Structures are given as C-alpha cells and as structure tokens.
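Heads up, the thing below is written out as structure tokens.
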Amino acid sequence: MSGDSLHRRLLTWLLLPMLIVGSVVLWRAWLDARQTADRAFDRLLDAASLSIAEQAQWQDDRLWLDLPPAALEMLASRHDERVFYTLVDARGEWVTGNANLPGIEGAAQDASDVVYGDVDYHDMPLRLGVRRSRLEDWRLREPFEIRVAHTREGRDALSGELFRQSLAYLLAVAVLSVAALLIAIRLALAPLTRLRRQIRTRDPRTLAPLELPLPRELAELRDTVNELLARMRRVKANQERFIGDASHQLRTPLAGLSARAELALRQDDPAIWHSALGAMQTTSQSASRLAMQLLSLTRLDNPEYQPELAPTDLVQVAREAVMAHWQRCQRVGVDLGLEAPEAPVHVRGLDWQLGEALANLIDNACHYGARHITVEVSADPIALAVVDDGPGIPHERRLLVLRPFHRGEHTSEGSGLGLAIVDGIARTHGARLSLGDAREAPPPGLRVSLQFGEGVDKGSTSAPSRSQP
C-alpha cells in the first residue's frame, strides 16, 4: 500500500458501489424497455385478435371466417414483421389460418382476456396472443380460439430505442456523479493537504505545535502529532541537559589533568613528578570510568536498542561480579560476600549488562561508606540484590537518585550515573527495580533489588549460603 494514495482509495471504494448499482440499474432498464415494448405490441395483438374474433361465423355446420385485410394490417409496422393467425374450434382442431400456431401451455381454458406468450415456430421467435371466445348467436354459442402472432423485429427495435434513451440518461447522470464525486473528494481532502504542506514547510529544527483549523477527524491527527512533538521536546530537553551535565562532569577531570601536568612541568623534583603522575593516573581512571558509564547510559536510553535476551544464570553472574570486585574491596577494607542457592537460577537476559549493574551497585556502596556488602540471589521470587550497611538513602530521595548525575548527600565523589544505569538495565530486562532499607537499626543501609517477572530452572530450594570467592 506504500504506492497507493488516499484519493485513489476513496475514489475506488466510492466508484465500485456506484458501478455495481449502475449495472443493476442498466439491467433493470433493459428489462423495463422490453416490458414496455411488449405491452405496446401486445395491445396490437389484443386488437387484432378481437377484430378477427368478430368475423367468426357459423355456416354450413362449421366455423367459418372471412378475415378482412385490416385485421392483420394493424400488426404491420415499418420493420416488416411477419404476421400469423389461426382459428381453432372447441375440439382444438385447426379450422383456418395462414399458420398452424401452437397454443400456450398452462393457460386457463375459461380465460376471458388474451393470454400472451413467447413461442418458437419453425425456428422463428414469435410473440403469441390467444383469445378464447364464443359465437354471438342466440341459437348457438360455439366456443373457439383465435391465435395471433408476429415476429419480434418491431418489439426489439422499440426496446432497443427505449434502452438507448435510458442509457444516455444514465450515462449523463454517471458523468455528473463522477465529476461531483471528484470535486467532493478533493474538497474533503483539502484540509489534509494543508496539514501536509504545513508539516513539509516547517523548519526541521522547530518542535512547536501545529496550529491550523481542521475537521474533527483530522484535528485528532493534529493533536496526536502535537503530542508527539511535545514528547520530542521533552526528549530534546533531557538530551540537552544530559549533554550539559556530561560536559561538566568530563571537564572537571580533564581540567585537573591539565593543572597537574602544568604544575609538574614547573618542578624539577622527581618525587613531585611521581606524585603528579599518580594523581593524573587516578584522575584518568575516573574520567575513563565516567566515559564508559556515559556510553552505557546513552545506549540504554536509546529506544531503538532492543537486545536479544538469552537464558542467563543469575548465580553465575553474581559469582563473577563478586570475584571481579573482591580484591579491590579488600584493599579498602570492605567485606564483600555472596548469598545464593546452590542450583542455577535462570532468567532471560544479558549477562554482561547484569554484571555491569552489579558492578555499579558495588562501586556505589563502596563510595558511600559501606563496610559490608552482600550480593544476594533468590530463586522464589527470582531476584538479584545488593545489600550494604552504609548510610542508606532517605525515602523521599530514592526517585531522585535514579536521575543521571544526581549524587547522594554524604559524598561528592562519583558521577551520579550508577543507579541511572541500573535502572536502564532493569527496564531492558523487564525487571522491577526497588530501593529499600537493609535493616531497621541505624545506619539503615541500602538494599537495591531487581525482581524478575519470569524465569526457568529455579533450582534447589535449599537455604542460600554466604560464601567468599
């Protein structure tokens, strides 16, 4: 349907019923023309049969007919039809006539009116009229039958002329109807043309709403387009804010690198150079980590990004994440452990994304002062969680921390992207991200959980055990 047009579709679906109705009307016009011609010529048959019946007499103990020429001349026309007649007595025997015409089957014997029918006589189609009558004599009322027929040339000519007149009238009406239909369709689609032109001539950089009067059906389309433009404005505003925040976040470590290098170049002491190089390495690692987080968040926020999920073992993902971060946590005095069932717990997902989510959660817990961090995997319900004993997050700020570049109250370190990335990964996996207190006693700590809606191979129901890599 890509090459089709609304104008053509409307014209087709409107002309198709008109064509069907026109065909029915033409067929009916042809039937009416034939019926009209038959009624006109049947009156001539009626008059001719009546004239012949008046001439029938009883003479010499038999029916006798003296047919005047005028009785048949009234059936003659400019088309030179052939005219036949037959006189039949009460016993059905032929008395006289210029042809032995057959009767009409099914006609009542006591019918007083002329009965008409179409018959074939010697391979000629004839219109036959049969009149039953009696002699008008008080001494004898002998019944008899007059059969009069003629060929159909005159009838066909008259019916053709009547049909041609009807056809000319119907064609004129059809032409006017199609012209009116084309004009009506063009006028009806004019608002759509105006809407298309306004959209086509708009500056591609503007997302202002469309403002033009339209009919109700197109007004709904205009409002839908305006809603789409409003969403695009919000997306554009979020992107501009994200780019501004990312630029600010990257500018700080880059400016620090430049300042450290400039100060080191002014010194001659190798120890100062070594100290500056160590600080520059730390800053570059932070900037590299920030750049990787920015790339991850940008990819997760892309609506066109639809990764293909595969069966993934949450226990294996959690075990690999703990092993990858255990040494670093040990160096800073953080106790990192794992609580998971012995059997695998499978969900449909991406192991590298779930591993990145755990990495961000473990890194956040370390930055915010946690001393004990536990990665938990549960089989019923299927969930993946990171629990720490840090200061936690107040309930009123838990939605705010899911925004990019929003940091907690207790530290200025970090980029503020960790929980935003985790939230994007949860949405990719169709999981529910929840933030809650890890315990009732202060400090409350933080429990970040991803609860999955479906899974297979939930594994053993044995109690989870805490293990060290």
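Going by the structure tokens order, chains are called A, B, ..., each with residues numbered from 1, while ligands are numbered from 1 in the order shown.
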
>> Give me the residues near range 359-376 of chain A as an MDAnalysis selection string, where near means some atom within 6 Å (using only C-alpha atoms) and where sequence neighbours in that chain fewer than 2 positions away do not count.
In response: chainID A and resid 334:340 356:357 384:390 418

>> Which residues are near Leu87 in chain A? Cut-off 7 Å, only C-alpha atoms, ignore same chain within fewer than 2 positions. Put them as a list in words.
In response: Asp89, Trp94, Val95, Thr96, Gly97, Glu145, Ile146 and Arg147 of chain A

>> Could you pull out the strand (DSSP E) residues of range 171-367 of chain A, going by DSSP on the backbone, and write them as a count of residues only?
In response: 14

>> Need the shell around Ile393 in chain A: protein/DNA/RNA residues with any atom at most 10 Å away, counting only C-alpha atoms. Skip same-chain ones fewer than 2 positions apart. Format as JSON, numbers by chain?
In response: {"A": [390, 391, 395, 396, 397, 398, 401, 408, 409, 410, 435, 436, 437, 444, 445, 446, 447]}

> So how many Å separate CA of Tyr116 in chain A and CA of Ile104 in chain A, to one decimal?
Replying inline: 7.8 Å

> Which of these residues is nearest to Ala237 in chain A, using only C-alpha atoms: A:Leu207, A:Ala172, A:Leu309, A:Val119?
Replying inline: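 Nearest candidate to Ala237 in chain A out of A:Leu207, A:Ala172, A:Leu309, A:Val119: A:Leu207.
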
>> So that I can see what lies close to Leu221 in chain A, please list as number ranges by chain the residues with an atom at most 10 Å from it, counting only C-alpha atoms and leaving out residues fewer than 6 positions away in the same chain.
In response: A: 192, 195, 214-215, 227

Atoms to include: N, CA and C atoms. Write the selected residues as a compact mmCIF listing (two decimals), in the first residue's frame.
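This is the output file selection11.txt:
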```txt
# COMPACT_ATOMS: atom_id res chain seq x y z
N LEU A 192 -6.43 17.93 4.66
CA LEU A 192 -5.28 17.04 4.79
C LEU A 192 -4.10 17.56 3.97
N LEU A 195 -2.55 20.33 5.96
CA LEU A 195 -1.76 19.78 7.04
C LEU A 195 -0.43 19.24 6.52
N LEU A 214 -8.87 22.43 11.51
CA LEU A 214 -9.09 21.20 10.76
C LEU A 214 -10.41 20.57 11.18
N PRO A 215 -11.00 19.74 10.33
CA PRO A 215 -12.19 18.97 10.74
C PRO A 215 -11.86 18.06 11.92
N GLU A 227 1.10 15.95 20.34
CA GLU A 227 1.56 15.18 21.49
C GLU A 227 2.93 14.56 21.23
```

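Compared by their closest atoms to Arg164 in chain A, and using only C-alpha atoms, the residues A:Trp30, A:Leu314, A:His150, A:Ala219 rank with A:Trp30 nearest.
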
> Closest to Ala324 in chain A among A:Pro307, A:Gly355, A:Gly103, A:Pro394, using only C-alpha atoms?
Replying inline: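 So, comparing all the options, the nearest one is A:Gly355.
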
> Suppose you want the space between CA of Ala48 in chain A and CA of Pro143 in chain A; what is it in Å?
Replying inline: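 These two atoms are separated by 18.3 Å.
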
>> Which residues are close to Arg432 in chain A, i.e. within 8 Å by only C-alpha atoms, leaving aside same-chain residues fewer than 3 positions away? Reply as a list in words.
In response: Ala426, Arg427, Ser449, Leu450, Gln451 and Phe452 of chain A

Output C-alpha atoms for every residue in that selection, as an mmCIF file, in the first residue's frame.
```cif
data_model
loop_
_atom_site.group_PDB
_atom_site.id
_atom_site.type_symbol
_atom_site.label_atom_id
_atom_site.label_comp_id
_atom_site.auth_asym_id
_atom_site.auth_seq_id
_atom_site.Cartn_x
_atom_site.Cartn_y
_atom_site.Cartn_z
ATOM 1 C CA ALA A 426 16.260 -3.209 34.777
ATOM 2 C CA ARG A 427 13.940 -1.751 32.135
ATOM 3 C CA SER A 449 16.849 -5.309 44.237
ATOM 4 C CA LEU A 450 15.985 -6.334 40.666
ATOM 5 C CA GLN A 451 12.896 -8.550 40.701
ATOM 6 C CA PHE A 452 12.302 -10.524 37.520
#
```
